Structures are given as structure tokens and as C-alpha cells.
Amino acid sequence: MTTTTDDTKTTAYAAEPPVRLNWSEHAPEVYKAMLRLDTAARRGLDPKLYELVKIRASQLNHCAFCLDMHTKDALAAGESVERIVQLGAWEESRHFYTEKELAAIELTEAVTVLTDGFVPDEVYAKAAAHFEEAELAQLISAIAVINTWNRFGVTCRMAPGHYRPGQHG
Amino acid sequence: MTARTTRLDDRVRSALRTVGAAAKRGLGDADLAELVQIRASQLNHCAFCLDMHLGLAREQGVGMGVPPAERSRDWGRRLDLLAAWEEAGEVFDARERAALALTEAVTVLTEGFVPDEVYEQAAAHFEEAELAHLLALIATINAWNRLMVARRIPAGSTQW
């Protein structure tokens with residue numbers, strides 16, 4: 001496994017599981033359209049907020065590959081290690097984030113955990129209070145899109161640990 | 001019921017449509033595509049998507065992708081039993097069951113991963129390119145479900 005830690009030569013880590021399916025090679029048109037979708041969804045959103053949303057959804061969906069990518073992209077965008085680490089327990093570490101970011105994170109959770117039921121009015125209302133309509137539409141789009149990437153990553157068991165920031169432009 | 005908002009960037013809508021169209025084309029099975037999209041929309045409680053895809057399946061379903069000789073299959077009954085496909089015996093064949101199991105695993109992701117047996121069952125019935133497009137279709141309907149539920153687009157709405 002390729003990691004950035006210093007002790008990889010002396011520590012016996014578990015073997016990296018094989019990838020199940022190189023989906024983008026088998027569905028190149030889909031992949032191309034997904035990249036266009038991603039570009040369209042991030043327009044007008046603050047890059048740091050965008051990465052927080054991507055990281056939180058990827059945590060909920062257990063997408064290791066996406067976590068690898070978006071934590072590294074967040075750091076490259078100037079995000080702090082502390083805010084990334086605290087994100088998994090944001091309800092108890094609200095003072096690390098702005099009210100606007102918290103509204104976005106709450107909406108991310110509601111829209112991601114959809115099978116447990118709907119998006120509560122208070123969660124939507126809070127987001128609508130912090131984001132004007134066009135920006136809110138972009139936020140909802142961004143949440144939907146990372147949920148799509150997460151599904152590719154988890155199902156195909158894409159391997160984390162190899163991503164370099166900016167790799168996908 | 002009125003929508004919370006009908007706002008959605010045209011570029012997002014258009015790109016997601018392209019993803020879905022490419023997925024459906026690559027899967028090459030219009031009937032199965034509707035079953036998958038309806039089942040995911042059931043799990044995600046998307047009224048708009050259920051209305052749209054059940055409508056499509058009911059109106060066009062019998063003829064969609066089914067050779068004339070096989071059109072006696074009771075499409076309506078299959079739709080009625082879709083939510084209980086595991087208990088519905090031979091109403092769904094092994095390939096459809098593998099696709100539906102994958103749809104459920106990939107849709108209910110927050111409760112944890114896609115089990116090896118579910119993935120392997122799907123891989124046994126679909127060759128790799130088909131499987132990649134089936135997965136893409138599941139991922140795409142999950143995105144539409146989120147866009148519609150979050151904005152609370154009413155069933156049957158023409159503005160979405």
C-alpha cells in the first residue's frame with residue numbers, strides 16, 4: 001500500500017483488497033458525463049464548503065476512495081486538519097464551523113440518509129435561510145453528485161491511498 | 001403540495017440526463033432499467049420518481065424491450081410485487097433478482113457496504129460492461145431521488 005506515513009516499511013499492514021470493477025473503463029461515456037455533472041454541480045459553491053460536503057457524505061456512505069480524495073483535496077484547498085477530523089462529530093464540535101457550513105452539513109446528512117425517510121422541514125428551512133435559492137440548488141446538486149460517486153467507489157471497491165490532489169483537474 | 005423549490009441548474013439537469021441515458025444504453029435492457037429505477041425510488045421514498053417510472057412502466061412496459069412472443073408476461077403484476085421481490089417466487093428471474101439485490105445494496109449504502117455475495121451474484125449474471133452500466137443506472141436514479149426529495153417536487157409535477 002502507498003501511504004504517506006514513515007513506517008510503511010516496518011509495519012505489516014493488511015493487504016490492499018483488489019478492485020472489483022474498473023467501471024470507468026467499461027462505461028467511458030458514463031464517466032465522461034459524470035465529470036461534466038461534477039463540474040456543473042460545483043459551480044458557485046465555496047471550494048472549502050464543497051469539500052466538507054463531499055467528505056461528510058463519503059463518511060456516511062463509507063466510501064474509502066472518496067474520503068482519500070476529498071480529504072486530500074480539502075487540505076490542498078487550505079482546509080485545516082482539525083476541521084476535517086472534527087467533521088465526523090460535528091454536532092459536538094459546532095464551534096469549528098460557521099452556521100452556514102453547519103446548515104450545509106445537516107442538509108448533506110438528511111439528503112444522504114434518504115432511506116430512513118425524507119428531508120425534515122427544519123433541516124431544509126435552515127439551509128434555505130443560509131443559502132439563496134440558486135446556491136441552495138447547487139448545494140443540493142453537489143450532495144446528490146457525491147452520493148453518486150460514493151456508489152461507484154463503494155460498489156467497485158475502488159482502492160484508497162493512491163490519490164494525489166488535483167489529479168482529476 | 002407545492003415544491004420547496006423547482007430551481008436546478010440546467011447544466012446539472014442536462015449532465016445527469018446524459019449519465020442516465022448512457023447507463024441505460026449500456027445496460028441494453030429497458031424493462032430491467034425500469035424495475036431498478038422503481039425499486040430504488042421505493043427505498044428512497046421519492047414520490048415524483050415513483051410516479052414517473054411506474055407511469056412509464058405501465059404505459060410502455062409490456063412492449064419495452066420484450067419480444068412480441070413474450071408479451072404475455074404480466075407486467076402489472078410484476079410492478080405490484082416489486083417491493084416484495086424476494087418473496088415473489090418466480091415472478092422475477094435470477095438475473096432480475098441479482099440486479100434488484102444489487103440495487104438495494106447500492107441504494108442503502110449508509111447501513112454499510114455492498115456485500116460480496118450480492119456483488120458476486122450480479123457479476124455472475126452481467127458481464128463487466130453491463131454491470132458497470134447497471135451500477136451507473138442505480139447511482140443515477142439515486143441522484144434523481146435526492147434532487148426530487150430534497151426539493152420536494154410533487155408527484156406528477158411538470159416543473160422539476
# chains A, B, ... in the order shown; residues from 1 in each chain; ligands from 1

$ interface_residues --of "chain A" --to "chain B" --cutoff "9 Å" --atoms "only C-alpha atoms" --output "PDB file with N, CA and C atoms, in the first residue's frame"
ATOM      1  N   ARG A  20     -12.970  -4.385  -7.468  1.00  0.00           N
ATOM      2  CA  ARG A  20     -13.922  -5.340  -8.061  1.00  0.00           C
ATOM      3  C   ARG A  20     -14.095  -5.094  -9.558  1.00  0.00           C
ATOM      4  N   LEU A  21     -14.196  -3.808  -9.909  1.00  0.00           N
ATOM      5  CA  LEU A  21     -14.546  -3.487 -11.292  1.00  0.00           C
ATOM      6  C   LEU A  21     -13.986  -2.114 -11.659  1.00  0.00           C
ATOM      7  N   ASN A  22     -13.253  -2.051 -12.768  1.00  0.00           N
ATOM      8  CA  ASN A  22     -12.794  -0.751 -13.272  1.00  0.00           C
ATOM      9  C   ASN A  22     -13.914  -0.137 -14.102  1.00  0.00           C
ATOM     10  N   TRP A  23     -14.913   0.407 -13.401  1.00  0.00           N
ATOM     11  CA  TRP A  23     -16.160   0.793 -14.060  1.00  0.00           C
ATOM     12  C   TRP A  23     -15.962   1.854 -15.144  1.00  0.00           C
ATOM     13  N   SER A  24     -15.043   2.798 -14.916  1.00  0.00           N
ATOM     14  CA  SER A  24     -14.912   3.896 -15.880  1.00  0.00           C
ATOM     15  C   SER A  24     -14.352   3.404 -17.212  1.00  0.00           C
ATOM     16  N   GLU A  25     -13.582   2.312 -17.171  1.00  0.00           N
ATOM     17  CA  GLU A  25     -13.080   1.736 -18.426  1.00  0.00           C
ATOM     18  C   GLU A  25     -14.193   1.013 -19.178  1.00  0.00           C
ATOM     19  N   HIS A  26     -15.125   0.452 -18.417  1.00  0.00           N
ATOM     20  CA  HIS A  26     -16.226  -0.283 -19.044  1.00  0.00           C
ATOM     21  C   HIS A  26     -17.382   0.633 -19.446  1.00  0.00           C
ATOM     22  N   ALA A  27     -17.428   1.808 -18.853  1.00  0.00           N
ATOM     23  CA  ALA A  27     -18.515   2.754 -19.160  1.00  0.00           C
ATOM     24  C   ALA A  27     -17.937   4.152 -19.364  1.00  0.00           C
ATOM     25  N   GLU A  29     -18.465   6.532 -21.501  1.00  0.00           N
ATOM     26  CA  GLU A  29     -19.417   7.624 -21.745  1.00  0.00           C
ATOM     27  C   GLU A  29     -20.047   8.102 -20.453  1.00  0.00           C
ATOM     28  N   VAL A  30     -20.347   7.140 -19.594  1.00  0.00           N
ATOM     29  CA  VAL A  30     -20.913   7.482 -18.289  1.00  0.00           C
ATOM     30  C   VAL A  30     -19.901   8.313 -17.504  1.00  0.00           C
ATOM     31  N   TYR A  31     -18.659   7.859 -17.523  1.00  0.00           N
ATOM     32  CA  TYR A  31     -17.609   8.549 -16.768  1.00  0.00           C
ATOM     33  C   TYR A  31     -17.445   9.996 -17.247  1.00  0.00           C
ATOM     34  N   LYS A  32     -17.435  10.155 -18.560  1.00  0.00           N
ATOM     35  CA  LYS A  32     -17.292  11.487 -19.136  1.00  0.00           C
ATOM     36  C   LYS A  32     -18.445  12.410 -18.703  1.00  0.00           C
ATOM     37  N   ALA A  33     -19.646  11.856 -18.750  1.00  0.00           N
ATOM     38  CA  ALA A  33     -20.815  12.643 -18.353  1.00  0.00           C
ATOM     39  C   ALA A  33     -20.799  12.931 -16.847  1.00  0.00           C
ATOM     40  N   MET A  34     -20.277  11.988 -16.064  1.00  0.00           N
ATOM     41  CA  MET A  34     -20.169  12.216 -14.613  1.00  0.00           C
ATOM     42  C   MET A  34     -19.213  13.373 -14.312  1.00  0.00           C
ATOM     43  N   LEU A  35     -18.115  13.456 -15.055  1.00  0.00           N
ATOM     44  CA  LEU A  35     -17.167  14.556 -14.849  1.00  0.00           C
ATOM     45  C   LEU A  35     -17.824  15.899 -15.187  1.00  0.00           C
ATOM     46  N   ARG A  36     -18.640  15.892 -16.257  1.00  0.00           N
ATOM     47  CA  ARG A  36     -19.352  17.109 -16.651  1.00  0.00           C
ATOM     48  C   ARG A  36     -20.377  17.480 -15.567  1.00  0.00           C
ATOM     49  N   LEU A  37     -21.034  16.473 -15.034  1.00  0.00           N
ATOM     50  CA  LEU A  37     -22.011  16.680 -13.963  1.00  0.00           C
ATOM     51  C   LEU A  37     -21.335  17.276 -12.727  1.00  0.00           C
ATOM     52  N   ASP A  38     -20.185  16.744 -12.392  1.00  0.00           N
ATOM     53  CA  ASP A  38     -19.460  17.214 -11.210  1.00  0.00           C
ATOM     54  C   ASP A  38     -19.070  18.683 -11.373  1.00  0.00           C
ATOM     55  N   THR A  39     -18.562  19.014 -12.539  1.00  0.00           N
ATOM     56  CA  THR A  39     -18.184  20.399 -12.826  1.00  0.00           C
ATOM     57  C   THR A  39     -19.401  21.319 -12.732  1.00  0.00           C
ATOM     58  N   ALA A  40     -20.534  20.848 -13.256  1.00  0.00           N
ATOM     59  CA  ALA A  40     -21.753  21.667 -13.236  1.00  0.00           C
ATOM     60  C   ALA A  40     -22.256  21.879 -11.804  1.00  0.00           C
ATOM     61  N   ALA A  41     -22.114  20.850 -10.971  1.00  0.00           N
ATOM     62  CA  ALA A  41     -22.670  20.923  -9.614  1.00  0.00           C
ATOM     63  C   ALA A  41     -21.831  21.781  -8.668  1.00  0.00           C
ATOM     64  N   GLN A  59     -18.246   9.920   4.388  1.00  0.00           N
ATOM     65  CA  GLN A  59     -18.196   9.247   5.689  1.00  0.00           C
ATOM     66  C   GLN A  59     -19.469   8.427   5.893  1.00  0.00           C
ATOM     67  N   LEU A  60     -20.625   9.047   5.636  1.00  0.00           N
ATOM     68  CA  LEU A  60     -21.909   8.359   5.856  1.00  0.00           C
ATOM     69  C   LEU A  60     -22.060   7.154   4.933  1.00  0.00           C
ATOM     70  N   ASN A  61     -21.554   7.274   3.724  1.00  0.00           N
ATOM     71  CA  ASN A  61     -21.671   6.185   2.753  1.00  0.00           C
ATOM     72  C   ASN A  61     -20.484   5.222   2.806  1.00  0.00           C
ATOM     73  N   HIS A  62     -19.561   5.468   3.720  1.00  0.00           N
ATOM     74  CA  HIS A  62     -18.389   4.597   3.907  1.00  0.00           C
ATOM     75  C   HIS A  62     -17.588   4.430   2.628  1.00  0.00           C
ATOM     76  N   CYS A  63     -17.373   5.512   1.896  1.00  0.00           N
ATOM     77  CA  CYS A  63     -16.586   5.407   0.665  1.00  0.00           C
ATOM     78  C   CYS A  63     -15.130   5.788   0.945  1.00  0.00           C
ATOM     79  N   LEU A 107     -27.918  19.417   6.011  1.00  0.00           N
ATOM     80  CA  LEU A 107     -28.658  19.077   4.798  1.00  0.00           C
ATOM     81  C   LEU A 107     -27.993  17.878   4.103  1.00  0.00           C
ATOM     82  N   ALA A 110     -29.163  14.721   5.836  1.00  0.00           N
ATOM     83  CA  ALA A 110     -30.570  14.390   5.570  1.00  0.00           C
ATOM     84  C   ALA A 110     -30.744  13.853   4.149  1.00  0.00           C
ATOM     85  N   VAL A 111     -30.062  14.470   3.194  1.00  0.00           N
ATOM     86  CA  VAL A 111     -30.232  14.074   1.794  1.00  0.00           C
ATOM     87  C   VAL A 111     -29.470  12.768   1.497  1.00  0.00           C
ATOM     88  N   THR A 112     -28.448  12.492   2.291  1.00  0.00           N
ATOM     89  CA  THR A 112     -27.662  11.269   2.080  1.00  0.00           C
ATOM     90  C   THR A 112     -28.336  10.043   2.697  1.00  0.00           C
ATOM     91  N   VAL A 113     -28.869  10.209   3.900  1.00  0.00           N
ATOM     92  CA  VAL A 113     -29.513   9.082   4.601  1.00  0.00           C
ATOM     93  C   VAL A 113     -30.996   9.074   4.240  1.00  0.00           C
ATOM     94  N   LEU A 114     -31.282   8.937   2.971  1.00  0.00           N
ATOM     95  CA  LEU A 114     -32.644   9.106   2.488  1.00  0.00           C
ATOM     96  C   LEU A 114     -33.528   7.902   2.802  1.00  0.00           C
ATOM     97  N   THR A 115     -32.918   6.730   2.898  1.00  0.00           N
ATOM     98  CA  THR A 115     -33.735   5.522   3.088  1.00  0.00           C
ATOM     99  C   THR A 115     -34.382   5.493   4.476  1.00  0.00           C
ATOM    100  N   ASP A 116     -33.881   6.283   5.412  1.00  0.00           N
ATOM    101  CA  ASP A 116     -34.528   6.379   6.727  1.00  0.00           C
ATOM    102  C   ASP A 116     -35.656   7.402   6.713  1.00  0.00           C
ATOM    103  N   GLY A 117     -35.836   8.081   5.607  1.00  0.00           N
ATOM    104  CA  GLY A 117     -37.011   8.916   5.455  1.00  0.00           C
ATOM    105  C   GLY A 117     -36.804  10.404   5.256  1.00  0.00           C
ATOM    106  N   PHE A 118     -37.055  10.901   4.074  1.00  0.00           N
ATOM    107  CA  PHE A 118     -37.292  12.292   3.750  1.00  0.00           C
ATOM    108  C   PHE A 118     -36.209  13.274   4.219  1.00  0.00           C
ATOM    109  N   VAL A 119     -36.460  14.533   3.961  1.00  0.00           N
ATOM    110  CA  VAL A 119     -35.570  15.617   4.383  1.00  0.00           C
ATOM    111  C   VAL A 119     -36.424  16.526   5.270  1.00  0.00           C
ATOM    112  N   PRO A 120     -36.178  16.522   6.589  1.00  0.00           N
ATOM    113  CA  PRO A 120     -37.049  17.259   7.518  1.00  0.00           C
ATOM    114  C   PRO A 120     -37.176  18.740   7.166  1.00  0.00           C
ATOM    115  N   TYR A 124     -34.287  21.615   6.008  1.00  0.00           N
ATOM    116  CA  TYR A 124     -34.373  22.361   4.742  1.00  0.00           C
ATOM    117  C   TYR A 124     -34.484  23.863   4.997  1.00  0.00           C
ATOM    118  N   GLU A 133     -31.535  30.921  -3.277  1.00  0.00           N
ATOM    119  CA  GLU A 133     -32.145  29.798  -3.997  1.00  0.00           C
ATOM    120  C   GLU A 133     -31.218  29.098  -4.998  1.00  0.00           C
ATOM    121  N   ALA A 134     -30.494  29.892  -5.794  1.00  0.00           N
ATOM    122  CA  ALA A 134     -29.627  29.284  -6.810  1.00  0.00           C
ATOM    123  C   ALA A 134     -28.469  28.526  -6.154  1.00  0.00           C
ATOM    124  N   LEU A 136     -28.491  27.255  -3.149  1.00  0.00           N
ATOM    125  CA  LEU A 136     -29.068  26.078  -2.486  1.00  0.00           C
ATOM    126  C   LEU A 136     -29.264  24.947  -3.492  1.00  0.00           C
ATOM    127  N   ALA A 137     -29.708  25.308  -4.697  1.00  0.00           N
ATOM    128  CA  ALA A 137     -29.878  24.293  -5.751  1.00  0.00           C
ATOM    129  C   ALA A 137     -28.536  23.645  -6.082  1.00  0.00           C
ATOM    130  N   GLN A 138     -27.473  24.453  -6.083  1.00  0.00           N
ATOM    131  CA  GLN A 138     -26.134  23.915  -6.329  1.00  0.00           C
ATOM    132  C   GLN A 138     -25.692  23.003  -5.190  1.00  0.00           C
ATOM    133  N   ILE A 140     -27.639  21.257  -3.155  1.00  0.00           N
ATOM    134  CA  ILE A 140     -28.405  20.003  -3.272  1.00  0.00           C
ATOM    135  C   ILE A 140     -27.829  19.147  -4.400  1.00  0.00           C
ATOM    136  N   SER A 141     -27.480  19.793  -5.505  1.00  0.00           N
ATOM    137  CA  SER A 141     -26.872  19.070  -6.626  1.00  0.00           C
ATOM    138  C   SER A 141     -25.549  18.435  -6.212  1.00  0.00           C
ATOM    139  N   ILE A 143     -24.592  17.521  -3.273  1.00  0.00           N
ATOM    140  CA  ILE A 143     -24.848  16.386  -2.372  1.00  0.00           C
ATOM    141  C   ILE A 143     -25.286  15.167  -3.187  1.00  0.00           C
ATOM    142  N   ALA A 144     -26.166  15.379  -4.152  1.00  0.00           N
ATOM    143  CA  ALA A 144     -26.629  14.273  -4.997  1.00  0.00           C
ATOM    144  C   ALA A 144     -25.460  13.674  -5.785  1.00  0.00           C
ATOM    145  N   VAL A 145     -24.569  14.541  -6.270  1.00  0.00           N
ATOM    146  CA  VAL A 145     -23.465  14.063  -7.098  1.00  0.00           C
ATOM    147  C   VAL A 145     -22.440  13.271  -6.285  1.00  0.00           C
ATOM    148  N   ILE A 146     -22.094  13.730  -5.093  1.00  0.00           N
ATOM    149  CA  ILE A 146     -21.135  12.939  -4.305  1.00  0.00           C
ATOM    150  C   ILE A 146     -21.767  11.608  -3.904  1.00  0.00           C
ATOM    151  N   ASN A 147     -23.071  11.587  -3.679  1.00  0.00           N
ATOM    152  CA  ASN A 147     -23.743  10.316  -3.409  1.00  0.00           C
ATOM    153  C   ASN A 147     -23.607   9.357  -4.588  1.00  0.00           C
ATOM    154  N   THR A 148     -23.589   9.903  -5.791  1.00  0.00           N
ATOM    155  CA  THR A 148     -23.407   9.086  -6.989  1.00  0.00           C
ATOM    156  C   THR A 148     -21.987   8.522  -7.044  1.00  0.00           C
ATOM    157  N   TRP A 149     -20.997   9.398  -6.851  1.00  0.00           N
ATOM    158  CA  TRP A 149     -19.589   8.929  -6.830  1.00  0.00           C
ATOM    159  C   TRP A 149     -19.380   7.886  -5.736  1.00  0.00           C
ATOM    160  N   ASN A 150     -19.943   8.127  -4.563  1.00  0.00           N
ATOM    161  CA  ASN A 150     -19.790   7.172  -3.453  1.00  0.00           C
ATOM    162  C   ASN A 150     -20.264   5.778  -3.875  1.00  0.00           C
ATOM    163  N   ARG A 151     -21.374   5.740  -4.623  1.00  0.00           N
ATOM    164  CA  ARG A 151     -21.923   4.445  -5.036  1.00  0.00           C
ATOM    165  C   ARG A 151     -20.996   3.711  -6.000  1.00  0.00           C
ATOM    166  N   PHE A 152     -20.353   4.447  -6.881  1.00  0.00           N
ATOM    167  CA  PHE A 152     -19.346   3.829  -7.754  1.00  0.00           C
ATOM    168  C   PHE A 152     -18.161   3.339  -6.915  1.00  0.00           C
ATOM    169  N   VAL A 154     -17.796   2.611  -3.641  1.00  0.00           N
ATOM    170  CA  VAL A 154     -18.033   1.502  -2.706  1.00  0.00           C
ATOM    171  C   VAL A 154     -18.297   0.203  -3.470  1.00  0.00           C
ATOM    172  N   THR A 155     -19.188   0.256  -4.456  1.00  0.00           N
ATOM    173  CA  THR A 155     -19.573  -0.969  -5.163  1.00  0.00           C
ATOM    174  C   THR A 155     -18.384  -1.590  -5.889  1.00  0.00           C
ATOM    175  N   CYS A 156     -17.574  -0.741  -6.510  1.00  0.00           N
ATOM    176  CA  CYS A 156     -16.425  -1.241  -7.270  1.00  0.00           C
ATOM    177  C   CYS A 156     -15.209  -1.470  -6.367  1.00  0.00           C
ATOM    178  N   ARG A 157     -15.366  -1.144  -5.100  1.00  0.00           N
ATOM    179  CA  ARG A 157     -14.276  -1.248  -4.121  1.00  0.00           C
ATOM    180  C   ARG A 157     -13.015  -0.575  -4.647  1.00  0.00           C
TER     181      ARG A 157
END

$ residues_around --residues "segment 44-49 of chain A" --least-positions-apart "3" --cutoff "9 Å" --atoms "only C-alpha atoms" --output "list in words"
Ala41, Leu52, Val53, Lys54, Ala74, Ala77, Gly78, Glu79, Glu101, Ala104, Ile105, Ala134, Glu135, Gln138, Leu139 and Ala142 of chain A

$ atom_distance --atom1 "atom CA of Cys49 of chain B" --atom2 "atom CA of Trp160 of chain B"
10.8 Å

$ select_by_dssp --residues "segment 76-130 of chain A" --states "helix (DSSP H, G or I)" --output "PyMOL selection string"
chain A and resi 76+81-92+94-96+99-112+114-116+121-130

$ atom_distance --atom1 "atom CA of Leu67 of chain A" --atom2 "atom CA of Arg43 of chain A"
21.1 Å

$ residues_around --residues "Leu35 of chain B" --least-positions-apart "3" --cutoff "9 Å" --atoms "only C-alpha atoms" --output "count of residues only"
14

$ residues_around --residues "Ser80 of chain A" --least-positions-apart "3" --cutoff "12 Å" --atoms "only C-alpha atoms" --output "compact mmCIF listing (two decimals) with C-alpha atoms, in the first residue's frame"
# COMPACT_ATOMS: atom_id res chain seq x y z
CA LYS A 48 -13.94 24.52 1.17
CA GLU A 51 -15.14 19.57 0.17
CA LEU A 52 -16.77 19.43 3.63
CA THR A 71 -9.67 14.96 2.47
CA LYS A 72 -6.59 15.50 0.31
CA ASP A 73 -8.43 17.98 -1.94
CA ALA A 74 -9.70 19.80 1.16
CA LEU A 75 -6.18 20.12 2.57
CA ALA A 76 -4.97 21.33 -0.82
CA ALA A 77 -7.76 23.94 -0.80
CA ARG A 83 -11.92 20.78 10.86
CA ILE A 84 -11.56 17.64 8.76
CA VAL A 85 -11.01 15.46 11.83
CA GLN A 86 -13.91 17.01 13.74
CA LEU A 87 -16.36 16.66 10.88
CA PHE A 96 -15.24 24.69 14.39
CA TYR A 97 -17.73 25.63 11.66

$ atom_distance --atom1 "atom CA of His95 of chain A" --atom2 "atom CA of His130 of chain A"
16.9 Å
